[in-house]
Amino acid sequence: MAILVIGGAGYIGSHAVKALAEAGQDVVVLDNFRTGHKQAVHPDATLIEGDLRDGDLLQQVFVDHSIEAVMHFAAHSLVGESVEKPIDYFANNVGGMISLIQAMKEANVDKLIFSSTAAVYGQADTGLIDEETSKAPTSPYGESKLMMEKMIQWCDQAYGIKYVSLRYFNVAGASSDATIGEDHHPETHLVPIILQVALGERDKLTIFGDDYDTPDGTCIRDYVQVEDLVHAHLLALDYLQQGNDSQAFNLGSAEGYSVKEMLEAARRVTSKEISAEIGPRRAGDPSKLVASSQKAREVLNWQPQYTDIEEIIQTAWKWHSSHPKGYQDEAQD
Ligand SMILES: NC(=O)c1ccc[n+]([C@@H]2O[C@H](COP(=O)([O-])OP(=O)(O)OC[C@H]3O[C@@H](n4cnc5c(N)ncnc54)[C@H](O)[C@@H]3O)[C@@H](O)[C@H]2O)c1
Ligand SMILES: O=c1ccn([C@@H]2O[C@H](COP(=O)(O)OP(=O)(O)O[C@H]3O[C@H](CO)[C@H](O)[C@H](O)[C@H]3O)[C@@H](O)[C@H]2O)c(=O)[nH]1
């Protein structure tokens, strides 16, 4: 039986496909390549080009392949953009989930691993955010993901579709063999932007606000290495295969780093100066998001291997310095 990976050509999805394929698992990838790259998909995976919201196509995928479980990475996922274009976000994210649940129900597939996000919590007042922390998204992106979580909860009750929602904090880094990494156009994520400045691919980093209520005034985030994050998906798959109940888990490191601290860490890793300036705040950004991942550690037995922020940045640096123009360095899409 195969695992269907939706959004498997994207940054995180492609790392999941690689891990599944290397574990000997049959993998089917569905992606519309809006932000993904064909070259990122492991050669052993069956690759289908198309949109998740194309119900006929999706049903055919379930007919043509013997799918045991679905990993659902496909989404629009930029906090700032979602504030400008909320309808796009609800249409793709919530619309995609409706299409997926309908097709899974039709095909009697009852295991779903879903990419949720720290953005469902919004501006959390507590120190470490655990799964019970109140949910008050500060962006349409976070709101769409919370809606998707609620939808699958109801669909578990009604149709018995079991799910694991993984609420990622900030995912960073690349595969340790530097064959795949993070390449978005335009790039908006902090780590790749900092490293593009180090490589001379852009002039400077603009720090979005230094007047937040944090020790150095810049936003604090919890960075988790992409291979560690993907490993949690394999554990979540085992968890569902063993017949366990639906659950949500935070995936983070319990350590917060400010934008300025990330910049300093990247300067140490790259030995480059990396120019930066202070700019205005970005809409939708909470000041601090740091996870308690105790539940994932206890229930899934998740043990992240990367505990040092410089080592996480080092994996990203290895990919970016060997692919300064991302996948454009390889055959064109
Ligand atoms: N990157 C992070 O730090 C982070 C943090 C929290 C949650 N997440 C979530 O993880 C998931 C993956 O994030 P990413 O950074 O790899 O994003 P990405 O944009 O690199 O990957 C998303 C993939 O989904 C595909 N896709 C999007 N809409 C589609 C559709 N309608 N039909 C078919 N394919 C579609 C894109 O082409 C792309 O390949 C997203 O759901 C995102 O919300 C990411
Ligand atoms: O050029 C930049 C880019 C980012 N930042 C700051 O760096 C931090 C991290 O920003 P990213 O854009 O890298 O990541 P986000 O925290 O906005 O969002 C990421 O993590 C979230 C969960 O925490 C979401 O799930 C989302 O999908 C994912 O992109 C933020 O404080 C942001 O304001 C800058 O100062 N300058």
# chains A, B, ... in the order shown; residues from 1 in each chain; ligands from 1
call {"tool": "residues_near_ligand", "arguments": {"ligand": "ligand 2", "cutoff": "8 Å", "atoms": "only C-alpha atoms and all ligand atoms", "output": "PyMOL selection string"}}
result
chain A and resi 77-80+116-119+141-142+167-171+188-191+193-194+205-209+218-222+258-259+281-282+285-289
call {"tool": "closest_atom_pairs", "arguments": {"of": "chain A", "to": "ligand 1", "cutoff": "9 Å", "atoms": "only C-alpha atoms and all ligand atoms", "output": "Markdown table"}}
result
| residue | atom | partner | partner_atom_place_in_ligand_line | distance |
| --- | --- | --- | --- | --- |
| A:Ile6 | CA | ligand 1 | 34 (N) | 6.2 |
| A:Gly7 | CA | ligand 1 | 24 (O) | 3.4 |
| A:Gly8 | CA | ligand 1 | 39 (O) | 5.9 |
| A:Ala9 | CA | ligand 1 | 39 (O) | 4.2 |
| A:Gly10 | CA | ligand 1 | 39 (O) | 3.3 |
| A:Tyr11 | CA | ligand 1 | 16 (O) | 3.6 |
| A:Ile12 | CA | ligand 1 | 16 (O) | 3.7 |
| A:Gly13 | CA | ligand 1 | 16 (O) | 5.5 |
| A:Ser14 | CA | ligand 1 | 16 (O) | 7.6 |
| A:His15 | CA | ligand 1 | 16 (O) | 8.7 |
| A:Leu30 | CA | ligand 1 | 33 (C) | 6.0 |
| A:Asp31 | CA | ligand 1 | 34 (N) | 3.6 |
| A:Asn32 | CA | ligand 1 | 34 (N) | 4.1 |
| A:Phe33 | CA | ligand 1 | 37 (O) | 3.6 |
| A:Arg34 | CA | ligand 1 | 37 (O) | 3.8 |
| A:Thr35 | CA | ligand 1 | 37 (O) | 4.0 |
| A:Gly36 | CA | ligand 1 | 39 (O) | 3.1 |
| A:His37 | CA | ligand 1 | 39 (O) | 6.4 |
| A:Lys38 | CA | ligand 1 | 39 (O) | 8.6 |
| A:Glu49 | CA | ligand 1 | 33 (C) | 7.7 |
| A:Gly50 | CA | ligand 1 | 33 (C) | 5.8 |
| A:Asp51 | CA | ligand 1 | 32 (N) | 3.5 |
| A:Leu52 | CA | ligand 1 | 32 (N) | 3.8 |
| A:Arg53 | CA | ligand 1 | 31 (N) | 5.7 |
| A:Asp54 | CA | ligand 1 | 32 (N) | 8.1 |
| A:His72 | CA | ligand 1 | 41 (O) | 7.1 |
| A:Phe73 | CA | ligand 1 | 11 (C) | 4.2 |
| A:Ala74 | CA | ligand 1 | 24 (O) | 3.3 |
| A:Ala75 | CA | ligand 1 | 27 (C) | 4.3 |
| A:His76 | CA | ligand 1 | 27 (C) | 5.8 |
| A:Ser77 | CA | ligand 1 | 43 (O) | 4.3 |
| A:Leu78 | CA | ligand 1 | 43 (O) | 7.7 |
| A:Ala91 | CA | ligand 1 | 31 (N) | 8.9 |
| A:Asn92 | CA | ligand 1 | 31 (N) | 5.5 |
| A:Asn93 | CA | ligand 1 | 31 (N) | 7.4 |
| A:Gly95 | CA | ligand 1 | 31 (N) | 8.2 |
| A:Gly96 | CA | ligand 1 | 31 (N) | 5.8 |
| A:Phe114 | CA | ligand 1 | 41 (O) | 7.7 |
| A:Ser115 | CA | ligand 1 | 10 (O) | 4.9 |
| A:Ser116 | CA | ligand 1 | 7 (C) | 5.4 |
| A:Thr117 | CA | ligand 1 | 6 (C) | 4.1 |
| A:Ala118 | CA | ligand 1 | 6 (C) | 6.3 |
| A:Ala119 | CA | ligand 1 | 6 (C) | 7.3 |
| A:Tyr141 | CA | ligand 1 | 43 (O) | 7.8 |
| A:Gly142 | CA | ligand 1 | 43 (O) | 8.6 |
| A:Lys145 | CA | ligand 1 | 43 (O) | 7.5 |
| A:Leu166 | CA | ligand 1 | 7 (C) | 8.3 |
| A:Arg167 | CA | ligand 1 | 6 (C) | 6.5 |
| A:Tyr168 | CA | ligand 1 | 6 (C) | 4.3 |
| A:Phe169 | CA | ligand 1 | 5 (C) | 5.3 |
| A:Asn170 | CA | ligand 1 | 3 (O) | 4.0 |
| A:Val171 | CA | ligand 1 | 3 (O) | 3.8 |
| A:Ala172 | CA | ligand 1 | 3 (O) | 6.6 |
| A:Glu182 | CA | ligand 1 | 20 (O) | 7.2 |
| A:Asp183 | CA | ligand 1 | 20 (O) | 7.2 |
| A:His184 | CA | ligand 1 | 20 (O) | 6.4 |
| A:His189 | CA | ligand 1 | 3 (O) | 7.7 |
| A:Tyr223 | CA | ligand 1 | 3 (O) | 8.1 |
| A:Val224 | CA | ligand 1 | 3 (O) | 8.4 |
| A:Val226 | CA | ligand 1 | 3 (O) | 8.8 |
call {"tool": "write_last_selection", "arguments": {"atoms": "C-alpha atoms", "output": "PDB file, in the first residue's frame"}}
result
ATOM      1  CA  ILE A   6      -0.183  16.008  -1.198  1.00  0.00           C
ATOM      2  CA  GLY A   7       2.177  18.953  -1.620  1.00  0.00           C
ATOM      3  CA  GLY A   8       5.104  16.523  -1.844  1.00  0.00           C
ATOM      4  CA  ALA A   9       7.056  18.807  -4.190  1.00  0.00           C
ATOM      5  CA  GLY A  10       7.173  21.594  -1.609  1.00  0.00           C
ATOM      6  CA  TYR A  11       9.836  22.347   0.966  1.00  0.00           C
ATOM      7  CA  ILE A  12       8.648  20.125   3.807  1.00  0.00           C
ATOM      8  CA  GLY A  13       6.655  17.648   1.705  1.00  0.00           C
ATOM      9  CA  SER A  14       9.708  16.796  -0.434  1.00  0.00           C
ATOM     10  CA  HIS A  15      11.688  15.969   2.711  1.00  0.00           C
ATOM     11  CA  LEU A  30       0.093  15.017  -5.895  1.00  0.00           C
ATOM     12  CA  ASP A  31       1.215  18.615  -6.421  1.00  0.00           C
ATOM     13  CA  ASN A  32       0.176  21.523  -8.644  1.00  0.00           C
ATOM     14  CA  PHE A  33       3.715  23.025  -8.535  1.00  0.00           C
ATOM     15  CA  ARG A  34       2.412  26.412  -7.520  1.00  0.00           C
ATOM     16  CA  THR A  35       5.254  26.675  -5.031  1.00  0.00           C
ATOM     17  CA  GLY A  36       6.809  23.228  -5.388  1.00  0.00           C
ATOM     18  CA  HIS A  37       9.551  21.867  -7.647  1.00  0.00           C
ATOM     19  CA  LYS A  38       9.619  18.675  -9.710  1.00  0.00           C
ATOM     20  CA  GLU A  49       0.625  16.921 -11.438  1.00  0.00           C
ATOM     21  CA  GLY A  50      -2.716  18.441 -10.486  1.00  0.00           C
ATOM     22  CA  ASP A  51      -4.736  20.439  -8.034  1.00  0.00           C
ATOM     23  CA  LEU A  52      -6.075  18.984  -4.823  1.00  0.00           C
ATOM     24  CA  ARG A  53      -9.359  20.796  -5.389  1.00  0.00           C
ATOM     25  CA  ASP A  54      -9.933  18.874  -8.633  1.00  0.00           C
ATOM     26  CA  HIS A  72      -1.387  16.606   3.547  1.00  0.00           C
ATOM     27  CA  PHE A  73       1.207  19.388   3.144  1.00  0.00           C
ATOM     28  CA  ALA A  74      -0.460  21.392   0.350  1.00  0.00           C
ATOM     29  CA  ALA A  75      -1.457  24.918   1.342  1.00  0.00           C
ATOM     30  CA  HIS A  76      -0.892  28.592   0.873  1.00  0.00           C
ATOM     31  CA  SER A  77       1.195  29.335   3.939  1.00  0.00           C
ATOM     32  CA  LEU A  78       2.473  32.897   4.189  1.00  0.00           C
ATOM     33  CA  ALA A  91     -10.262  28.846  -0.976  1.00  0.00           C
ATOM     34  CA  ASN A  92      -7.058  26.827  -1.294  1.00  0.00           C
ATOM     35  CA  ASN A  93      -6.622  25.644   2.280  1.00  0.00           C
ATOM     36  CA  GLY A  95     -11.348  24.186  -0.113  1.00  0.00           C
ATOM     37  CA  GLY A  96      -8.497  21.679  -0.455  1.00  0.00           C
ATOM     38  CA  PHE A 114      -2.103  17.052   8.501  1.00  0.00           C
ATOM     39  CA  SER A 115       0.356  19.972   8.445  1.00  0.00           C
ATOM     40  CA  SER A 116      -1.034  22.427  10.933  1.00  0.00           C
ATOM     41  CA  THR A 117       0.846  25.359  12.379  1.00  0.00           C
ATOM     42  CA  ALA A 118       1.785  27.404  15.416  1.00  0.00           C
ATOM     43  CA  ALA A 119      -0.189  30.176  13.719  1.00  0.00           C
ATOM     44  CA  TYR A 141      -3.568  31.753   7.263  1.00  0.00           C
ATOM     45  CA  GLY A 142      -3.739  30.659  10.920  1.00  0.00           C
ATOM     46  CA  LYS A 145      -5.548  26.015   9.425  1.00  0.00           C
ATOM     47  CA  LEU A 166       1.031  18.341  13.568  1.00  0.00           C
ATOM     48  CA  ARG A 167       1.347  21.991  14.575  1.00  0.00           C
ATOM     49  CA  TYR A 168       4.720  22.965  13.246  1.00  0.00           C
ATOM     50  CA  PHE A 169       6.545  25.926  14.687  1.00  0.00           C
ATOM     51  CA  ASN A 170       9.196  27.447  12.370  1.00  0.00           C
ATOM     52  CA  VAL A 171      10.670  24.819  10.124  1.00  0.00           C
ATOM     53  CA  ALA A 172      14.249  25.396   8.976  1.00  0.00           C
ATOM     54  CA  GLU A 182      14.066  25.353   0.917  1.00  0.00           C
ATOM     55  CA  ASP A 183      13.358  27.315  -2.281  1.00  0.00           C
ATOM     56  CA  HIS A 184      10.321  29.601  -2.387  1.00  0.00           C
ATOM     57  CA  HIS A 189      11.184  32.982   5.339  1.00  0.00           C
ATOM     58  CA  TYR A 223      12.964  26.737  14.923  1.00  0.00           C
ATOM     59  CA  VAL A 224      12.739  23.002  14.228  1.00  0.00           C
ATOM     60  CA  VAL A 226      13.085  19.831   8.737  1.00  0.00           C
TER      61      VAL A 226
END
call {"tool": "residues_around", "arguments": {"residues": "Leu195 of chain A", "least_positions_apart": "5", "cutoff": "8 Å", "atoms": "only C-alpha atoms", "output": "PDB file with C-alpha atoms, in the first residue's frame"}}
result
ATOM      1  CA  ALA A 266      23.920  32.840  10.882  1.00  0.00           C
ATOM      2  CA  TRP A 317      23.768  26.817   4.661  1.00  0.00           C
ATOM      3  CA  HIS A 320      22.002  27.232  -0.062  1.00  0.00           C
TER       4      HIS A 320
END
call {"tool": "closest_residue", "arguments": {"among": "A:Ser271, A:Ile161, A:Gln153, A:Ser144", "to": "Pro86 of chain A", "atoms": "only C-alpha atoms"}}
result
A:Ser144
call {"tool": "decode", "arguments": {"residues": "segment 188-272 of chain A", "atoms": "C-alpha atoms", "output": "JSON list (two decimals), in the first residue's frame"}}
result
[["chain", "number", "residue", "atom", "x", "y", "z"],
["A", 188, "THR", "CA", 9.73, 35.27, 2.66],
["A", 189, "HIS", "CA", 11.18, 32.98, 5.34],
["A", 190, "LEU", "CA", 13.83, 34.29, 7.67],
["A", 191, "VAL", "CA", 16.57, 31.65, 7.43],
["A", 192, "PRO", "CA", 16.78, 31.43, 3.61],
["A", 193, "ILE", "CA", 16.64, 35.22, 3.35],
["A", 194, "ILE", "CA", 19.52, 35.65, 5.79],
["A", 195, "LEU", "CA", 21.54, 33.04, 3.90],
["A", 196, "GLN", "CA", 20.78, 34.66, 0.52],
["A", 197, "VAL", "CA", 22.29, 37.86, 1.93],
["A", 198, "ALA", "CA", 25.34, 35.86, 3.07],
["A", 199, "LEU", "CA", 25.67, 34.53, -0.50],
["A", 200, "GLY", "CA", 25.34, 37.97, -2.08],
["A", 201, "GLU", "CA", 22.02, 36.96, -3.71],
["A", 202, "ARG", "CA", 20.29, 39.86, -1.95],
["A", 203, "ASP", "CA", 21.55, 43.09, -0.40],
["A", 204, "LYS", "CA", 20.31, 42.95, 3.14],
["A", 205, "LEU", "CA", 17.89, 41.52, 5.65],
["A", 206, "THR", "CA", 15.05, 43.79, 6.72],
["A", 207, "ILE", "CA", 14.13, 43.02, 10.32],
["A", 208, "PHE", "CA", 10.37, 43.39, 10.61],
["A", 209, "GLY", "CA", 10.06, 45.57, 13.70],
["A", 210, "ASP", "CA", 12.25, 46.01, 16.77],
["A", 211, "ASP", "CA", 9.57, 47.42, 19.05],
["A", 212, "TYR", "CA", 7.95, 44.14, 20.14],
["A", 213, "ASP", "CA", 7.62, 43.23, 23.79],
["A", 214, "THR", "CA", 10.67, 40.90, 23.73],
["A", 215, "PRO", "CA", 14.16, 41.35, 25.27],
["A", 216, "ASP", "CA", 15.73, 42.80, 22.08],
["A", 217, "GLY", "CA", 12.47, 44.05, 20.55],
["A", 218, "THR", "CA", 12.46, 41.56, 17.64],
["A", 219, "CYS", "CA", 10.05, 38.63, 17.25],
["A", 220, "ILE", "CA", 10.86, 35.31, 18.86],
["A", 221, "ARG", "CA", 10.25, 32.00, 17.08],
["A", 222, "ASP", "CA", 10.95, 28.34, 17.75],
["A", 223, "TYR", "CA", 12.96, 26.74, 14.92],
["A", 224, "VAL", "CA", 12.74, 23.00, 14.23],
["A", 225, "GLN", "CA", 14.98, 21.16, 11.75],
["A", 226, "VAL", "CA", 13.08, 19.83, 8.74],
["A", 227, "GLU", "CA", 14.38, 16.23, 8.99],
["A", 228, "ASP", "CA", 13.47, 16.10, 12.70],
["A", 229, "LEU", "CA", 10.03, 17.45, 11.80],
["A", 230, "VAL", "CA", 9.58, 14.85, 9.07],
["A", 231, "HIS", "CA", 10.55, 12.08, 11.44],
["A", 232, "ALA", "CA", 7.53, 13.03, 13.56],
["A", 233, "HIS", "CA", 5.36, 12.29, 10.49],
["A", 234, "LEU", "CA", 6.73, 8.76, 10.25],
["A", 235, "LEU", "CA", 6.01, 8.29, 13.96],
["A", 236, "ALA", "CA", 2.51, 9.72, 13.46],
["A", 237, "LEU", "CA", 1.93, 7.21, 10.65],
["A", 238, "ASP", "CA", 2.95, 4.33, 12.98],
["A", 239, "TYR", "CA", 0.68, 5.80, 15.63],
["A", 240, "LEU", "CA", -2.35, 5.74, 13.31],
["A", 241, "GLN", "CA", -1.41, 2.32, 11.90],
["A", 242, "GLN", "CA", -1.56, 1.00, 15.46],
["A", 243, "GLY", "CA", -5.21, 2.10, 15.65],
["A", 244, "ASN", "CA", -4.72, 5.02, 18.04],
["A", 245, "ASP", "CA", -7.09, 7.96, 18.40],
["A", 246, "SER", "CA", -6.91, 11.28, 16.56],
["A", 247, "GLN", "CA", -4.64, 13.85, 18.22],
["A", 248, "ALA", "CA", -2.91, 17.20, 17.71],
["A", 249, "PHE", "CA", 0.77, 17.64, 18.57],
["A", 250, "ASN", "CA", 3.06, 20.65, 18.66],
["A", 251, "LEU", "CA", 6.40, 20.21, 16.93],
["A", 252, "GLY", "CA", 9.05, 22.63, 18.10],
["A", 253, "SER", "CA", 12.14, 22.75, 20.28],
["A", 254, "ALA", "CA", 11.00, 24.68, 23.40],
["A", 255, "GLU", "CA", 13.76, 27.21, 22.61],
["A", 256, "GLY", "CA", 12.93, 30.65, 21.27],
["A", 257, "TYR", "CA", 15.30, 32.79, 19.18],
["A", 258, "SER", "CA", 14.75, 36.40, 18.23],
["A", 259, "VAL", "CA", 15.29, 37.64, 14.69],
["A", 260, "LYS", "CA", 18.47, 39.38, 15.87],
["A", 261, "GLU", "CA", 19.70, 36.19, 17.54],
["A", 262, "MET", "CA", 19.07, 34.24, 14.33],
["A", 263, "LEU", "CA", 21.06, 36.82, 12.40],
["A", 264, "GLU", "CA", 23.98, 36.55, 14.83],
["A", 265, "ALA", "CA", 23.88, 32.73, 14.70],
["A", 266, "ALA", "CA", 23.92, 32.84, 10.88],
["A", 267, "ARG", "CA", 26.88, 35.24, 10.95],
["A", 268, "ARG", "CA", 28.79, 32.72, 13.09],
["A", 269, "VAL", "CA", 27.85, 29.76, 10.85],
["A", 270, "THR", "CA", 28.71, 31.48, 7.57],
["A", 271, "SER", "CA", 31.53, 33.76, 8.76],
["A", 272, "LYS", "CA", 29.86, 36.46, 6.60]]
